[in-house]
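Below is one structure; the comments refer to it alone.
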Number of protein chains: 6
Amino acid sequence: MIYITRRERFSAAHRMFRQDWSDEKNLEVFGKCSNPNWHGHNYILWVTIKGEPSENYGFVMNLNILKKIISEKVIEKLDHRNINLDVDFMRGRIATTENLAVAIWDELKPEIGKQGALLHCIKIEETENNFIEYYG
Amino acid sequence: MIYITRRERFSAAHRMFRQDWSDEKNLEVFGKCSNPNWHGHNYILWVTIKGEPSENYGFVMNLNILKKIISEKVIEKLDHRNINLDVDFMRGRIATTENLAVAIWDELKPEIGKQGALLHCIKIEETENNFIEYYG
Amino acid sequence: MIYITRRERFSAAHRMFRQDWSDEKNLEVFGKCSNPNWHGHNYILWVTIKGEPSENYGFVMNLNILKKIISEKVIEKLDHRNINLDVDFMRGRIATTENLAVAIWDELKPEIGKQGALLHCIKIEETENNFIEYYG
Amino acid sequence: MIYITRRERFSAAHRMFRQDWSDEKNLEVFGKCSNPNWHGHNYILWVTIKGEPSENYGFVMNLNILKKIISEKVIEKLDHRNINLDVDFMRGRIATTENLAVAIWDELKPEIGKQGALLHCIKIEETENNFIEYYG
Amino acid sequence: MIYITRRERFSAAHRMFRQDWSDEKNLEVFGKCSNPNWHGHNYILWVTIKGEPSENYGFVMNLNILKKIISEKVIEKLDHRNINLDVDFMRGRIATTENLAVAIWDELKPEIGKQGALLHCIKIEETENNFIEYYG
Amino acid sequence: MIYITRRERFSAAHRMFRQDWSDEKNLEVFGKCSNPNWHGHNYILWVTIKGEPSENYGFVMNLNILKKIISEKVIEKLDHRNINLDVDFMRGRIATTENLAVAIWDELKPEIGKQGALLHCIKIEETENNFIEYYG
């Protein structure tokens, strides 16, 4: 079994808050991340898949196909967007990195399965000092 | 003459657009950077000052004082904020990195002068693939 | 299950040696790392915790609380200190990165448990070419 | 159990292709990676071993010995070489990073075993946007 | 005056040698960089231009245009290629990073001038431990 | 004129203090950097030289020779040492990065001149958030 990881990036605005809470309650729980006028990040996304290298080609999955899937299903929807307002697969979820990792997993898993490989991990870095990993 | 650089970071939302233009015109000139719902970045800021090391202390300027000046005058106003809406020294300017570098220069120059050193350069990285430098 | 990692840094002096050995024996086993006048590093520490995101908040654990725990229990004791001489939880242990990782695990595990999360991994980078991971 | 990772680098030329295919077929499957005049990369290699720290020394394995093994068995054979033409342990294999990781595993595993430690993972980064991991 | 830098990458094979020298002489002067079967690198290229931000747009030059110029004139010719054999603007020059920087300068200078900006610096990193800068 | 930069690293202990001051006075001026039991850093050193590429070789200076000079004159004296106690060229100077940069300049300038090139800049990074540049 071999693990292959592709790194992609997107820049997006977001805000951590719950609509059913007051601004004070949001500020208390989420701190400056709940700023009503938004803030943003350069997110880094690592998608790890696993499988056995094919004897024919010597690789687990064509990286260009993996890149195209991630681009169409994830990056184009997130890059230079507002995670709370513009992204269909984040509707109704609090815009934490945890929730974002789970949502991206759900977007990518079936597409990667169609290519004969398995999705192994979604890792998202929000700032250079914190990141999230999700293994399904 | 010795040059000392302090690196700081802030995460902010912004949008590149002119209010006197239509959305179409903004999209044509600024591309996806003009998305009406904002986007954001992890900006990295390098502040370079210059001077001669004092014989008494062996340094040009106490780095803790430099750090405090940058924090109060720049980072606290920008971090987890919206550059277009929340930042006093960016009012009335298009929120490009070029304009941001000039505005930060204007904020820091007098404060650093009071400490007996000279401001030399403001460098701002917007993404890992582009950055701006301004020398006054 | 989601894994969250917080990155922190500290700069410290240390020396690898055993008091019951001669300088020659220490030099033979630990090489230049046993220099009697000490040397030092910019250590990077990654603390990974795991848990399920709460439905209320959308996160596993408030990152500000995690940051505060790591700061008080680990960074303040190590940063700008001598690992062999100044750090209570390293008394009587050879100052290898392996032993440091285990000691930090022991410091953090109960505090993180009190917050309803689980400590998963302590990773310490000593130089850009070597790092240690400990999973308990 | 503690995991120790040593990072090394090598710069090499390679080409992804099968001799029994036409240039057109190679181009179709491997894209620009099949350029007949070669291309190259700054590969980064992480070798992770695992074991328990010895009570005598406080470390799992002397890093200088690990460094020497990786240097002699892997780096000297790959650095400033052509992976397809110059490297004995890659003869007859398609020069993908997947196959390279498996071949390096086979080179290192017995040598590390002789030192009383276990090889845990071979990780190879080909560009800043993709890497491979192999756990045997 | 504001300086803007765009970062791009390319992976290429090369060999440092002179055809009018013997293999021994090439090895003596260029060391392992003269390996007859080539080697390669992940080169990083920084292109710095300078100018005054336009009042209309708030930027010195549209970064998307700069990116397109660098891509067409430089990256497409170098990426996944052999610098000695495949690149028209390197014909007849020894494939050192010095010569590459000068050749890229000559390719880009007129194109950037047409956009009303000035080329300021070409910087090329060959490995993480060495880079070249050329200011014309 | 072409500028070439070589990057090297060393790990060292130091302490910022003046012997003719009390511990209290040292603490007041230098903060935690004056800890009597030392602390340390992974310093990164960039040495930039300048010159014209020779027509014969296509390079300004053989990088292997530059590497050897830096290693013998600087790295071997600093790596895994105490800057205050072990380094001849730092005797009698406060161990600030400013003073270290000037001392390294003085060590390297004549050696690089003998090779027909000019020393241009000494840059030293102490932590990822601050660095010093000296141009003579």
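Note on naming: chains are A, B, ... as they come in the structure tokens, residues start from 1 per chain, ligands start from 1 in the order shown.
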
Please build the interface table for chain E against chain F with a cut-off of 6 Å, listing for each qualifying residue the nearest atom pair and the distance in Å to one decimal; count only C-alpha atoms, order rows by chain and increasing number, and write it as a tab-separated table.
residue	atom	partner	partner_atom	distance
E:Ile94	CA	F:Gly58	CA	5.9
E:Asn129	CA	F:Arg7	CA	4.6
E:Asn130	CA	F:Arg6	CA	4.7
E:Phe131	CA	F:Thr5	CA	5.3
E:Ile132	CA	F:Ile4	CA	4.6
E:Glu133	CA	F:Tyr3	CA	4.9
E:Tyr134	CA	F:Ile2	CA	5.2

Keeping only C-alpha atoms, write the selected residues to a file as a compact mmCIF listing (two decimals), in the first residue's frame.
# COMPACT_ATOMS: atom_id res chain seq x y z
CA ILE E 94 26.96 26.78 -20.18
CA ASN E 129 21.14 26.22 -0.08
CA ASN E 130 22.00 28.45 -3.04
CA PHE E 131 20.42 31.10 -5.19
CA ILE E 132 21.42 33.74 -7.77
CA GLU E 133 20.23 37.34 -8.21
CA TYR E 134 20.65 39.49 -11.34

Check the DSSP output for the backbone and give back, as a PyMOL selection string, the residues of chain C in helix (DSSP H, G or I). chain C and resi 23-34+63-78+83-86+88-90+97-114

Would you list the contacts of range 81-89 of chain F as number ranges by chain, taking every protein, DNA or RNA residue within 12 Å and counting only C-alpha atoms, but skipping same-chain residues closer than 4 positions in sequence? C: 13-15, 32-41; F: 10-19, 34, 36-43, 73-77, 93-97, 99-108

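Put simply, CA of His80 in chain D is 9.8 Å away from CA of Gly31 in chain E.
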
What is the CA of Lys67 in chain C-CA of Cys121 in chain C distance in Å, reported with one decimal?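 Taking CA of Lys67 in chain C and CA of Cys121 in chain C, their separation equals 15.3 Å.
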
For a test of reading the model, state the distance in Å between CA of Lys25 in chain D and CA of Leu118 in chain A, rounded to one decimal.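 Taking CA of Lys25 in chain D as the start and CA of Leu118 in chain A as the end point, the length is 26.4 Å.
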